[in-house]
$ cat protein13.cif   # mmCIF, C-alpha atoms
data_query
loop_
_atom_site.label_atom_id
_atom_site.label_comp_id
_atom_site.auth_asym_id
_atom_site.auth_seq_id
_atom_site.Cartn_x
_atom_site.Cartn_y
_atom_site.Cartn_z
CA MET A 17 33.76 -62.44 -7.74
CA ALA A 18 35.73 -61.30 -4.71
CA ALA A 19 38.20 -59.57 -7.03
CA TYR A 20 35.46 -57.08 -7.88
CA ASP A 21 34.38 -56.34 -4.31
CA CYS A 22 34.83 -52.64 -3.60
CA ASP A 23 33.65 -49.76 -1.47
CA VAL A 24 31.96 -47.71 -4.23
CA LEU A 25 30.57 -48.69 -7.61
CA VAL A 26 30.11 -45.82 -10.08
CA ILE A 27 27.83 -46.50 -13.05
CA GLY A 28 28.85 -44.43 -16.07
CA ALA A 29 32.25 -43.37 -17.43
CA GLY A 30 31.22 -40.01 -18.75
CA ILE A 31 32.89 -36.87 -17.44
CA VAL A 32 30.72 -36.72 -14.28
CA GLY A 33 31.22 -40.38 -13.36
CA LEU A 34 34.97 -40.20 -13.91
CA SER A 35 35.29 -36.91 -12.04
CA THR A 36 33.39 -38.52 -9.16
CA ALA A 37 35.72 -41.54 -9.14
CA ASP A 38 38.75 -39.23 -9.12
CA ALA A 39 37.24 -37.05 -6.36
CA ILE A 40 36.53 -40.08 -4.15
CA THR A 41 40.11 -41.32 -4.41
CA ARG A 42 41.42 -37.84 -3.58
CA ALA A 43 39.09 -37.21 -0.65
CA ALA A 44 39.48 -40.67 0.87
CA PRO A 45 42.69 -42.38 -0.31
CA GLY A 46 42.41 -46.13 -0.14
CA THR A 47 38.69 -46.19 -0.93
CA ARG A 48 38.17 -48.99 -3.42
CA VAL A 49 36.31 -47.64 -6.47
CA VAL A 50 35.08 -49.49 -9.56
CA VAL A 51 33.52 -47.65 -12.51
CA LEU A 52 31.20 -49.65 -14.78
CA GLU A 53 30.70 -48.48 -18.36
CA LYS A 54 28.67 -50.27 -21.02
CA GLU A 55 30.68 -48.77 -23.89
CA PRO A 56 34.20 -49.92 -24.86
CA GLY A 57 35.72 -46.62 -23.72
CA PRO A 58 34.99 -43.39 -21.82
CA ALA A 59 33.05 -40.30 -22.87
CA ARG A 60 31.15 -41.91 -25.75
CA HIS A 61 27.90 -39.96 -25.37
CA GLN A 62 27.17 -36.49 -23.96
CA THR A 63 30.77 -35.81 -22.90
CA GLY A 64 32.30 -36.61 -26.27
CA ARG A 65 29.59 -35.07 -28.43
CA ASN A 66 29.23 -31.48 -27.23
CA SER A 67 30.65 -28.23 -28.58
CA GLY A 68 33.55 -28.17 -26.11
CA VAL A 69 32.61 -24.83 -24.53
CA ILE A 70 33.80 -23.93 -21.02
CA HIS A 71 30.75 -21.96 -19.90
CA SER A 72 31.11 -18.84 -17.76
CA GLY A 73 27.90 -19.31 -15.74
CA ILE A 74 26.19 -16.14 -16.96
CA TYR A 75 22.92 -17.85 -17.89
CA TYR A 76 22.16 -19.48 -14.56
CA PRO A 77 20.09 -17.92 -11.74
CA PRO A 78 21.99 -16.86 -8.61
CA GLY A 79 21.68 -19.52 -5.93
CA SER A 80 21.18 -22.38 -8.39
CA LEU A 81 23.53 -25.36 -8.45
CA LYS A 82 24.25 -24.61 -12.10
CA ALA A 83 25.41 -21.10 -11.25
CA ARG A 84 27.51 -22.17 -8.27
CA PHE A 85 29.17 -25.10 -10.00
CA ALA A 86 29.68 -23.37 -13.37
CA LEU A 87 31.27 -20.30 -11.76
CA GLN A 88 33.60 -22.54 -9.76
CA GLY A 89 34.06 -25.08 -12.49
CA SER A 90 34.97 -22.77 -15.36
CA ALA A 91 38.02 -21.41 -13.55
CA GLU A 92 38.96 -24.84 -12.24
CA MET A 93 38.61 -26.41 -15.69
CA VAL A 94 41.00 -23.90 -17.27
CA LYS A 95 43.52 -24.56 -14.49
CA PHE A 96 43.05 -28.35 -14.81
CA CYS A 97 43.61 -28.25 -18.56
CA ALA A 98 46.76 -26.16 -18.12
CA GLU A 99 48.13 -28.50 -15.46
CA HIS A 100 47.55 -31.61 -17.59
CA ASP A 101 48.48 -30.20 -21.02
CA ILE A 102 44.92 -30.58 -22.35
CA PRO A 103 44.18 -28.34 -25.36
CA HIS A 104 42.17 -25.33 -24.26
CA GLU A 105 41.80 -21.60 -24.84
CA VAL A 106 39.99 -18.80 -23.01
CA THR A 107 38.46 -16.98 -25.97
CA GLY A 108 35.60 -15.01 -24.47
CA LYS A 109 32.27 -15.00 -26.28
CA LEU A 110 29.58 -12.72 -27.63
CA ILE A 111 25.87 -13.04 -26.81
CA VAL A 112 24.15 -11.12 -29.59
CA ALA A 113 20.65 -9.60 -29.79
CA THR A 114 19.45 -9.51 -33.38
CA ASN A 115 16.03 -7.90 -32.79
CA ARG A 116 14.52 -5.43 -30.35
CA ALA A 117 12.44 -8.04 -28.54
CA GLU A 118 15.69 -9.63 -27.32
CA LEU A 119 17.13 -6.44 -25.83
CA PRO A 120 15.41 -6.69 -22.41
CA ARG A 121 16.65 -10.28 -22.04
CA LEU A 122 20.15 -9.20 -23.06
CA HIS A 123 20.13 -6.45 -20.44
CA GLY A 124 18.94 -8.98 -17.87
CA LEU A 125 21.92 -11.18 -18.70
CA ILE A 126 24.26 -8.23 -18.27
CA GLN A 127 22.87 -7.64 -14.79
CA ARG A 128 23.11 -11.33 -13.95
CA GLY A 129 26.71 -11.45 -15.16
CA ARG A 130 27.57 -8.53 -12.88
CA GLU A 131 25.83 -10.23 -9.94
CA HIS A 132 28.04 -13.26 -10.60
CA GLY A 133 31.15 -11.08 -10.72
CA LEU A 134 31.87 -11.95 -14.34
CA PRO A 135 33.81 -9.65 -16.68
CA VAL A 136 30.94 -8.54 -18.93
CA ARG A 137 31.00 -5.65 -21.38
CA GLU A 138 28.00 -4.26 -23.27
CA LEU A 139 28.63 -3.69 -26.98
CA GLY A 140 26.94 -1.76 -29.75
CA PRO A 141 27.02 -2.74 -33.45
CA ALA A 142 30.40 -1.12 -34.14
CA GLN A 143 31.97 -2.82 -31.12
CA ILE A 144 30.50 -6.18 -32.15
CA ALA A 145 32.34 -5.78 -35.47
CA GLU A 146 35.62 -5.25 -33.63
CA TYR A 147 35.33 -8.75 -32.19
CA GLU A 148 33.49 -10.44 -35.05
CA PRO A 149 33.53 -8.46 -38.32
CA GLU A 150 30.98 -10.74 -40.03
CA VAL A 151 28.47 -10.90 -37.16
CA ARG A 152 25.52 -8.52 -37.11
CA GLY A 153 23.40 -7.47 -34.14
CA LEU A 154 21.73 -4.55 -32.40
CA ALA A 155 23.69 -5.10 -29.18
CA ALA A 156 25.78 -7.76 -27.51
CA ILE A 157 27.55 -8.83 -24.34
CA HIS A 158 31.18 -9.84 -24.33
CA VAL A 159 31.87 -12.42 -21.58
CA GLY A 160 35.59 -12.70 -21.00
CA THR A 161 35.79 -15.99 -19.07
CA THR A 162 34.22 -18.34 -21.64
CA GLY A 163 36.58 -20.75 -23.40
CA VAL A 164 36.91 -24.03 -25.27
CA CYS A 165 38.63 -27.31 -24.53
CA ASP A 166 38.62 -31.01 -25.37
CA PHE A 167 36.23 -32.52 -22.81
CA GLY A 168 36.94 -36.02 -24.07
CA ALA A 169 40.58 -35.50 -23.13
CA VAL A 170 39.49 -34.14 -19.75
CA ALA A 171 37.42 -37.29 -19.10
CA ARG A 172 40.33 -39.54 -20.13
CA THR A 173 42.57 -37.62 -17.73
CA PHE A 174 40.08 -38.09 -14.88
CA ALA A 175 40.10 -41.81 -15.70
CA ARG A 176 43.90 -41.98 -15.63
CA LEU A 177 44.13 -40.07 -12.34
CA ALA A 178 41.51 -42.28 -10.72
CA MET A 179 43.26 -45.46 -11.91
CA ASP A 180 46.63 -44.13 -10.73
CA ALA A 181 45.01 -43.80 -7.29
CA GLY A 182 43.79 -47.40 -7.38
CA ALA A 183 40.34 -47.18 -9.00
CA ARG A 184 39.26 -49.72 -11.62
CA ILE A 185 37.30 -48.99 -14.78
CA ALA A 186 35.45 -51.92 -16.35
CA TYR A 187 34.37 -51.23 -19.94
CA GLY A 188 31.80 -53.27 -21.84
CA GLU A 189 29.80 -53.84 -18.63
CA GLU A 190 26.14 -52.87 -19.05
CA VAL A 191 24.19 -52.95 -15.79
CA THR A 192 21.06 -55.10 -16.02
CA ALA A 193 20.09 -55.71 -12.38
CA ILE A 194 20.67 -54.11 -8.98
CA GLY A 195 20.05 -55.75 -5.62
CA ARG A 196 20.26 -54.14 -2.18
CA ARG A 197 20.72 -55.29 1.37
CA PRO A 198 21.59 -53.16 4.41
CA GLY A 199 25.16 -52.01 3.94
CA ARG A 200 25.60 -53.65 0.54
CA VAL A 201 24.64 -53.13 -3.09
CA ALA A 202 25.08 -55.82 -5.74
CA VAL A 203 25.07 -55.16 -9.49
CA ARG A 204 24.79 -57.71 -12.28
CA THR A 205 25.91 -56.87 -15.82
CA ALA A 206 24.85 -58.22 -19.20
CA ALA A 207 28.01 -60.35 -19.22
CA GLY A 208 26.82 -62.06 -16.03
CA THR A 209 29.45 -60.49 -13.79
CA VAL A 210 28.37 -59.52 -10.27
CA TYR A 211 29.96 -56.55 -8.52
CA ARG A 212 29.36 -56.03 -4.80
CA ALA A 213 29.96 -52.73 -3.07
CA ARG A 214 29.14 -50.83 0.08
CA ALA A 215 27.65 -47.94 -1.93
CA LEU A 216 26.61 -47.09 -5.48
CA VAL A 217 26.72 -43.90 -7.55
CA ASN A 218 24.41 -43.59 -10.55
CA CYS A 219 26.06 -41.37 -13.17
CA ALA A 220 24.42 -43.10 -16.12
CA GLY A 221 23.43 -39.92 -17.99
CA LEU A 222 20.94 -40.85 -20.71
CA HIS A 223 19.99 -43.97 -18.72
CA CYS A 224 20.07 -42.57 -15.16
CA ASP A 225 16.31 -42.87 -14.59
CA ARG A 226 16.38 -46.50 -15.77
CA ILE A 227 19.22 -47.27 -13.35
CA ALA A 228 17.28 -45.60 -10.53
CA ARG A 229 14.29 -47.82 -11.25
CA LEU A 230 16.52 -50.92 -11.37
CA ALA A 231 17.67 -49.96 -7.87
CA GLY A 232 14.06 -49.70 -6.69
CA ASP A 233 14.15 -45.90 -6.42
CA PRO A 234 11.31 -44.17 -8.32
CA PRO A 235 13.15 -41.15 -9.78
CA GLY A 236 10.10 -38.88 -10.02
CA MET A 237 11.18 -37.80 -13.50
CA ARG A 238 12.01 -39.27 -16.87
CA ILE A 239 14.88 -38.64 -19.22
CA ILE A 240 13.57 -37.33 -22.54
CA PRO A 241 16.36 -37.43 -25.13
CA PHE A 242 16.78 -34.35 -27.33
CA ARG A 243 19.12 -34.63 -30.29
CA GLY A 244 21.33 -31.65 -31.03
CA GLU A 245 22.37 -31.51 -34.68
CA TYR A 246 25.52 -29.71 -35.72
CA PHE A 247 27.09 -28.45 -38.91
CA THR A 248 30.66 -27.32 -39.50
CA LEU A 249 31.57 -24.31 -41.63
CA ALA A 250 33.43 -25.33 -44.77
CA PRO A 251 37.18 -24.87 -44.13
CA ASP A 252 37.49 -22.12 -46.74
CA ARG A 253 34.73 -20.18 -44.93
CA ALA A 254 35.89 -20.76 -41.34
CA SER A 255 37.46 -17.29 -41.27
CA LEU A 256 33.94 -15.85 -41.04
CA VAL A 257 33.96 -16.60 -37.29
CA ARG A 258 36.83 -15.72 -34.94
CA GLY A 259 35.55 -17.11 -31.65
CA LEU A 260 32.24 -17.93 -29.92
CA VAL A 261 28.95 -16.27 -30.89
CA TYR A 262 25.61 -17.06 -29.19
CA PRO A 263 22.06 -15.77 -29.62
CA VAL A 264 20.10 -14.45 -26.66
CA PRO A 265 18.52 -17.57 -25.12
CA ASP A 266 14.78 -18.03 -24.73
CA PRO A 267 14.13 -18.36 -20.97
CA ALA A 268 11.11 -20.59 -21.64
CA PHE A 269 13.33 -23.38 -22.96
CA PRO A 270 16.60 -24.70 -21.47
CA PHE A 271 18.50 -24.74 -24.77
CA LEU A 272 20.82 -21.96 -25.87
CA GLY A 273 19.87 -21.92 -29.55
CA VAL A 274 22.03 -22.29 -32.65
CA HIS A 275 25.43 -20.78 -31.92
CA LEU A 276 28.84 -20.47 -33.59
CA THR A 277 31.83 -22.07 -31.90
CA ARG A 278 35.41 -22.04 -33.10
CA GLY A 279 36.55 -25.20 -31.38
CA ILE A 280 39.93 -26.15 -30.04
CA ASP A 281 40.48 -27.96 -33.37
CA GLY A 282 40.13 -24.67 -35.25
CA ALA A 283 36.93 -25.73 -37.00
CA VAL A 284 33.79 -23.62 -36.64
CA HIS A 285 30.92 -25.74 -35.29
CA ILE A 286 27.37 -24.49 -35.81
CA GLY A 287 24.46 -25.70 -33.70
CA PRO A 288 22.89 -27.41 -32.02
CA ASN A 289 19.19 -27.36 -32.63
CA ALA A 290 17.03 -29.50 -30.30
CA VAL A 291 14.66 -32.15 -31.61
CA PRO A 292 13.16 -35.16 -29.81
CA ALA A 293 15.24 -38.27 -30.45
CA LEU A 294 13.60 -41.61 -31.25
CA ALA A 295 16.04 -43.41 -28.95
CA ARG A 296 18.17 -42.40 -25.98
CA GLU A 297 21.19 -42.80 -28.20
CA GLY A 298 19.34 -41.65 -31.32
CA TYR A 299 22.02 -39.64 -33.09
CA ASP A 300 20.04 -39.51 -36.36
CA TRP A 301 16.46 -39.96 -37.56
CA ARG A 302 17.19 -43.55 -38.64
CA THR A 303 17.95 -44.71 -35.09
CA LEU A 304 14.77 -45.96 -33.45
CA HIS A 305 14.47 -47.94 -30.20
CA PRO A 306 10.79 -48.98 -30.02
CA ALA A 307 10.75 -49.74 -26.27
CA GLU A 308 12.43 -46.44 -25.37
CA LEU A 309 10.14 -44.48 -27.69
CA ALA A 310 7.09 -46.24 -26.23
CA GLY A 311 8.27 -45.31 -22.75
CA THR A 312 8.58 -41.67 -23.78
CA LEU A 313 5.15 -41.63 -25.41
CA ALA A 314 3.58 -43.22 -22.33
CA PHE A 315 5.03 -40.54 -20.06
CA PRO A 316 2.51 -37.71 -19.42
CA GLY A 317 5.28 -35.12 -19.21
CA ALA A 318 6.28 -35.72 -22.83
CA TRP A 319 2.82 -34.76 -24.08
CA ARG A 320 2.69 -31.74 -21.82
CA ILE A 321 6.03 -30.53 -23.22
CA ALA A 322 4.61 -30.91 -26.73
CA GLN A 323 1.49 -28.92 -25.82
CA ARG A 324 3.47 -26.19 -24.10
CA HIS A 325 6.31 -25.78 -26.59
CA TRP A 326 4.85 -26.90 -29.93
CA ARG A 327 5.69 -23.64 -31.74
CA TYR A 328 9.32 -23.79 -30.60
CA GLY A 329 9.46 -27.50 -31.42
CA ALA A 330 8.02 -27.00 -34.89
CA GLY A 331 10.79 -24.52 -35.69
CA GLU A 332 13.45 -26.89 -34.41
CA LEU A 333 11.98 -29.76 -36.44
CA ARG A 334 11.92 -27.62 -39.58
CA ARG A 335 15.60 -26.77 -39.11
CA SER A 336 16.35 -30.47 -38.62
CA LEU A 337 14.70 -31.48 -41.87
CA SER A 338 15.84 -28.51 -44.00
CA ARG A 339 19.43 -27.32 -44.32
CA ARG A 340 18.05 -24.16 -45.90
CA ALA A 341 16.02 -23.43 -42.77
CA PHE A 342 19.06 -24.14 -40.59
CA ALA A 343 21.11 -21.74 -42.73
CA ASP A 344 18.40 -19.09 -42.36
CA ALA A 345 18.74 -19.37 -38.57
CA VAL A 346 22.52 -19.05 -38.82
CA ARG A 347 22.20 -15.93 -41.00
CA ARG A 348 20.45 -14.11 -38.17
CA LEU A 349 23.89 -13.91 -36.58
CA LEU A 350 26.15 -14.45 -39.58
CA PRO A 351 24.58 -12.92 -42.72
CA ALA A 352 27.41 -14.11 -44.98
CA ALA A 353 26.71 -17.80 -44.25
CA ARG A 354 25.39 -19.76 -47.23
CA GLU A 355 23.58 -23.08 -47.29
CA GLU A 356 26.48 -24.70 -49.13
CA ASP A 357 28.88 -23.53 -46.39
CA LEU A 358 27.27 -25.93 -43.88
CA LEU A 359 28.86 -29.39 -43.78
CA PRO A 360 27.13 -32.12 -41.72
CA SER A 361 28.81 -32.87 -38.39
CA PRO A 362 28.18 -35.54 -35.71
CA SER A 363 25.13 -35.00 -33.52
CA GLY A 364 24.79 -35.23 -29.76
CA VAL A 365 21.88 -36.21 -27.51
CA ARG A 366 21.03 -34.27 -24.37
CA ALA A 367 19.65 -36.20 -21.40
CA GLN A 368 16.89 -33.83 -20.27
CA ALA A 369 15.06 -34.66 -17.05
CA VAL A 370 11.33 -33.95 -17.29
CA LEU A 371 8.74 -34.01 -14.50
CA PRO A 372 5.32 -35.65 -14.95
CA ASP A 373 3.67 -32.21 -15.31
CA GLY A 374 5.91 -31.43 -18.30
CA THR A 375 8.32 -29.17 -16.43
CA LEU A 376 11.85 -29.34 -17.81
CA VAL A 377 14.20 -29.71 -14.85
CA ASP A 378 16.41 -26.64 -15.16
CA ASP A 379 19.06 -27.38 -12.53
CA PHE A 380 21.35 -30.22 -11.60
CA LEU A 381 19.36 -32.85 -9.73
CA PHE A 382 20.74 -35.30 -7.14
CA ALA A 383 18.86 -37.84 -5.05
CA GLU A 384 19.88 -40.26 -2.31
CA SER A 385 18.48 -43.47 -0.92
CA PRO A 386 20.08 -46.02 1.42
CA GLY A 387 23.44 -46.93 -0.06
CA ILE A 388 22.94 -45.02 -3.35
CA VAL A 389 23.53 -41.53 -4.76
CA HIS A 390 21.76 -40.73 -8.04
CA VAL A 391 22.74 -37.96 -10.48
CA LEU A 392 19.39 -37.47 -12.25
CA ASN A 393 19.95 -34.29 -14.27
CA ALA A 394 23.38 -33.16 -15.40
CA PRO A 395 23.12 -31.54 -18.83
CA SER A 396 25.19 -28.51 -19.90
CA PRO A 397 27.10 -27.00 -18.12
CA ALA A 398 27.95 -30.32 -16.44
CA ALA A 399 31.18 -30.76 -18.42
CA THR A 400 32.33 -27.27 -17.42
CA ALA A 401 31.29 -27.95 -13.82
CA SER A 402 32.52 -31.55 -13.66
CA LEU A 403 35.20 -30.90 -11.04
CA PRO A 404 32.88 -29.39 -8.38
CA ILE A 405 30.08 -31.81 -9.33
CA GLY A 406 32.48 -34.71 -8.80
CA ARG A 407 33.38 -33.37 -5.36
CA GLU A 408 29.71 -32.89 -4.49
CA VAL A 409 28.81 -36.46 -5.43
CA ALA A 410 31.95 -37.84 -3.78
CA GLY A 411 31.04 -36.05 -0.54
CA ARG A 412 27.55 -37.52 -0.63
CA VAL A 413 28.68 -41.10 -1.25
CA LEU A 414 31.47 -40.90 1.34
CA GLY A 415 28.78 -39.73 3.76
CA VAL A 416 26.88 -42.92 2.90
CA LEU A 417 29.96 -44.99 3.71
CA ARG A 418 30.46 -43.22 7.02
CA GLY A 419 26.75 -43.40 7.85
#

$ encode --input "protein13.cif" --output "structure tokens"
Amino acid sequence: MAAYDCDVLVIGAGIVGLSTADAITRAAPGTRVVVLEKEPGPARHQTGRNSGVIHSGIYYPPGSLKARFALQGSAEMVKFCAEHDIPHEVTGKLIVATNRAELPRLHGLIQRGREHGLPVRELGPAQIAEYEPEVRGLAAIHVGTTGVCDFGAVARTFARLAMDAGARIAYGEEVTAIGRRPGRVAVRTAAGTVYRARALVNCAGLHCDRIARLAGDPPGMRIIPFRGEYFTLAPDRASLVRGLVYPVPDPAFPFLGVHLTRGIDGAVHIGPNAVPALAREGYDWRTLHPAELAGTLAFPGAWRIAQRHWRYGAGELRRSLSRRAFADAVRRLLPAAREEDLLPSPSGVRAQAVLPDGTLVDDFLFAESPGIVHVLNAPSPAATASLPIGREVAGRVLGVLRG
């Protein structure tokens, strides 16, 4: 067991956990770091199943962690990808209003973009067509700093850099128990291995609240999994979309709506919608985890979300069950899209932190207790912001070690 003794244990080898491990080794060379991951490799869940967009930060309120880290992180991510030969492209994107009710929200985003110092340009219908000939809208914003990359490759690069600096990554190690004594944390895995460390970082994503409870720290929230379902435009129709096209988001819900993304692979990805998943890793309707679903149904916040957002949820559910309905949503932005143009694509699941009163946590959420730092809400734009998030978490856990 002594071979696994270390200074810091990081639970979770997604992009945030691996960025944290890399940041610790950079900030404090010689710090012994072990990353535990239950899957056989890195980036198997949220990191490897998103649309690959490097977000500009335009959506996030000034002063929020999301705004600060996305604004920093988007520029840093482009530089990181260039330095490490990771496929990426700064494409810019359009945010398009398709009806008059969306125009005030669009103008609010323009103002927010200017407050953030982003290169935003307001467009009319003719100017929209210059960027995207097949897209229709009353008005739009062009945001010049948005891009795309391969976040799975970014996570693998973080892993390599951390290991080059002496960190270890142990795959196939699912954490089942956590014990604490002053100055020491001990973790047992399903394989029966015990890892002892001076401090622990919880970057478990979809399972972060469960890990917090294992550590004896009531998280004050629960992860409610929302599945995001994607389609891909048929290859012979991919020319309909040149870059990135988004609707104007609904501020009452922390999802950006069905959007069009020409990925780094050249394919045009369409989605996601947002429907409750029947398991934390429920990537389709057939995947059901009874204990996890029972936990969700027993949580008061889940019912309050349903009461508050049932109209929105009903629309999302309809689009999940009907490709025709999904195609109708796409045609709001892309009138030429046909139902037969939409080819099924792998889904993702968003780990959304929800408070007992049904409030959807809308910012990154960190918590600390003796010897432990928890990352309790890190949905989009966490991949974009993974470099500054990693430094933030590393600074907190190194403070624990010094404390």

$ resolve_selection --input "protein13.cif" --expression "the PyMOL selection byres ((chain A and resi 178-186) around 12)" --output "PDB file with C-alpha atoms, keeping the file's coordinate frame"
ATOM      1  CA  ALA A  19      38.200 -59.570  -7.030  1.00  0.00           C
ATOM      2  CA  TYR A  20      35.460 -57.080  -7.880  1.00  0.00           C
ATOM      3  CA  ASP A  21      34.380 -56.340  -4.310  1.00  0.00           C
ATOM      4  CA  CYS A  22      34.830 -52.640  -3.600  1.00  0.00           C
ATOM      5  CA  ASP A  23      33.650 -49.760  -1.470  1.00  0.00           C
ATOM      6  CA  VAL A  24      31.960 -47.710  -4.230  1.00  0.00           C
ATOM      7  CA  LEU A  25      30.570 -48.690  -7.610  1.00  0.00           C
ATOM      8  CA  VAL A  26      30.110 -45.820 -10.080  1.00  0.00           C
ATOM      9  CA  ILE A  27      27.830 -46.500 -13.050  1.00  0.00           C
ATOM     10  CA  GLY A  28      28.850 -44.430 -16.070  1.00  0.00           C
ATOM     11  CA  ALA A  29      32.250 -43.370 -17.430  1.00  0.00           C
ATOM     12  CA  GLY A  30      31.220 -40.010 -18.750  1.00  0.00           C
ATOM     13  CA  GLY A  33      31.220 -40.380 -13.360  1.00  0.00           C
ATOM     14  CA  LEU A  34      34.970 -40.200 -13.910  1.00  0.00           C
ATOM     15  CA  SER A  35      35.290 -36.910 -12.040  1.00  0.00           C
ATOM     16  CA  THR A  36      33.390 -38.520  -9.160  1.00  0.00           C
ATOM     17  CA  ALA A  37      35.720 -41.540  -9.140  1.00  0.00           C
ATOM     18  CA  ASP A  38      38.750 -39.230  -9.120  1.00  0.00           C
ATOM     19  CA  ALA A  39      37.240 -37.050  -6.360  1.00  0.00           C
ATOM     20  CA  ILE A  40      36.530 -40.080  -4.150  1.00  0.00           C
ATOM     21  CA  THR A  41      40.110 -41.320  -4.410  1.00  0.00           C
ATOM     22  CA  ARG A  42      41.420 -37.840  -3.580  1.00  0.00           C
ATOM     23  CA  ALA A  43      39.090 -37.210  -0.650  1.00  0.00           C
ATOM     24  CA  ALA A  44      39.480 -40.670   0.870  1.00  0.00           C
ATOM     25  CA  PRO A  45      42.690 -42.380  -0.310  1.00  0.00           C
ATOM     26  CA  GLY A  46      42.410 -46.130  -0.140  1.00  0.00           C
ATOM     27  CA  THR A  47      38.690 -46.190  -0.930  1.00  0.00           C
ATOM     28  CA  ARG A  48      38.170 -48.990  -3.420  1.00  0.00           C
ATOM     29  CA  VAL A  49      36.310 -47.640  -6.470  1.00  0.00           C
ATOM     30  CA  VAL A  50      35.080 -49.490  -9.560  1.00  0.00           C
ATOM     31  CA  VAL A  51      33.520 -47.650 -12.510  1.00  0.00           C
ATOM     32  CA  LEU A  52      31.200 -49.650 -14.780  1.00  0.00           C
ATOM     33  CA  GLU A  53      30.700 -48.480 -18.360  1.00  0.00           C
ATOM     34  CA  LYS A  54      28.670 -50.270 -21.020  1.00  0.00           C
ATOM     35  CA  GLU A  55      30.680 -48.770 -23.890  1.00  0.00           C
ATOM     36  CA  PRO A  56      34.200 -49.920 -24.860  1.00  0.00           C
ATOM     37  CA  GLY A  57      35.720 -46.620 -23.720  1.00  0.00           C
ATOM     38  CA  PRO A  58      34.990 -43.390 -21.820  1.00  0.00           C
ATOM     39  CA  ALA A 171      37.420 -37.290 -19.100  1.00  0.00           C
ATOM     40  CA  ARG A 172      40.330 -39.540 -20.130  1.00  0.00           C
ATOM     41  CA  THR A 173      42.570 -37.620 -17.730  1.00  0.00           C
ATOM     42  CA  PHE A 174      40.080 -38.090 -14.880  1.00  0.00           C
ATOM     43  CA  ALA A 175      40.100 -41.810 -15.700  1.00  0.00           C
ATOM     44  CA  ARG A 176      43.900 -41.980 -15.630  1.00  0.00           C
ATOM     45  CA  LEU A 177      44.130 -40.070 -12.340  1.00  0.00           C
ATOM     46  CA  TYR A 187      34.370 -51.230 -19.940  1.00  0.00           C
ATOM     47  CA  GLY A 188      31.800 -53.270 -21.840  1.00  0.00           C
ATOM     48  CA  GLU A 189      29.800 -53.840 -18.630  1.00  0.00           C
ATOM     49  CA  GLU A 190      26.140 -52.870 -19.050  1.00  0.00           C
ATOM     50  CA  VAL A 191      24.190 -52.950 -15.790  1.00  0.00           C
ATOM     51  CA  THR A 205      25.910 -56.870 -15.820  1.00  0.00           C
ATOM     52  CA  ALA A 207      28.010 -60.350 -19.220  1.00  0.00           C
ATOM     53  CA  THR A 209      29.450 -60.490 -13.790  1.00  0.00           C
ATOM     54  CA  TYR A 211      29.960 -56.550  -8.520  1.00  0.00           C
ATOM     55  CA  GLY A 406      32.480 -34.710  -8.800  1.00  0.00           C
TER      56      GLY A 406
END

$ closest_atom_pairs --input "protein13.cif" --of "segment 258-311 of chain A" --to "segment 347-367 of chain A" --cutoff "8 Å" --atoms "all atoms listed in the file" --output "CSV"
residue,atom,partner,partner_atom,distance
A:Val261,CA,A:Leu349,CA,8.0
A:Pro263,CA,A:Leu349,CA,7.4
A:Ala293,CA,A:Val365,CA,7.5
A:Arg296,CA,A:Val365,CA,7.4
A:Glu297,CA,A:Val365,CA,6.7
A:Gly298,CA,A:Val365,CA,7.1
A:Tyr299,CA,A:Ser363,CA,5.6
A:Asp300,CA,A:Ser363,CA,7.4

$ residues_around --input "protein13.cif" --residues "Ala202 of chain A" --least-positions-apart "6" --cutoff "6 Å" --atoms "all atoms listed in the file" --output "ChimeraX atom specification"
/A:194-195,211-212

$ atom_distance --input "protein13.cif" --atom1 "atom CA of Trp301 of chain A" --atom2 "atom CA of Arg339 of chain A"
14.6 Å

$ residues_near_point --input "protein13.cif" --point "(28.0, -18.7, -20.3)" --cutoff "12 Å" --atoms "only C-alpha atoms" --output "ChimeraX atom specification"
/A:69-77,82-83,86-87,89-90,108-111,125-126,128-129,132,134-136,157-164,260-265,272,396-397,400-401

$ atom_distance --input "protein13.cif" --atom1 "atom CA of Arg204 of chain A" --atom2 "atom CA of Asp225 of chain A"
17.2 Å

$ closest_residue --input "protein13.cif" --among "A:Ile388, A:Val94, A:Val284, A:Val151" --to "Val416 of chain A" --atoms "only C-alpha atoms"
A:Ile388

$ closest_residue --input "protein13.cif" --among "A:Met93, A:Val210, A:Ala399, A:Ala330" --to "Val32 of chain A" --atoms "all atoms listed in the file"
A:Ala399

$ atom_distance --input "protein13.cif" --atom1 "atom CA of Arg340 of chain A" --atom2 "atom CA of Pro267 of chain A"
25.9 Å

$ closest_residue --input "protein13.cif" --among "A:Pro386, A:Tyr328, A:Gly124, A:Arg116" --to "Arg197 of chain A" --atoms "only C-alpha atoms"
A:Pro386

$ residues_around --input "protein13.cif" --residues "Ala228 of chain A" --least-positions-apart "2" --cutoff "12 Å" --atoms "all atoms listed in the file" --output "ChimeraX atom specification"
/A:27,191-195,216-226,230-239,382-385,388-392

$ closest_residue --input "protein13.cif" --among "A:Ala398, A:Cys97, A:Ala250, A:Leu313" --to "Asn66 of chain A" --atoms "only C-alpha atoms"
A:Ala398

$ closest_residue --input "protein13.cif" --among "A:Gly79, A:Pro103, A:Gly168, A:Gly287" --to "Arg60 of chain A" --atoms "only C-alpha atoms"
A:Gly168

$ closest_residue --input "protein13.cif" --among "A:Arg324, A:Arg84, A:Asp166, A:His305" --to "Ala59 of chain A" --atoms "only C-alpha atoms"
A:Asp166

$ residues_around --input "protein13.cif" --residues "Pro292 of chain A" --least-positions-apart "5" --cutoff "9 Å" --atoms "all atoms listed in the file" --output "PyMOL selection string"
chain A and resi 240-244+329+333
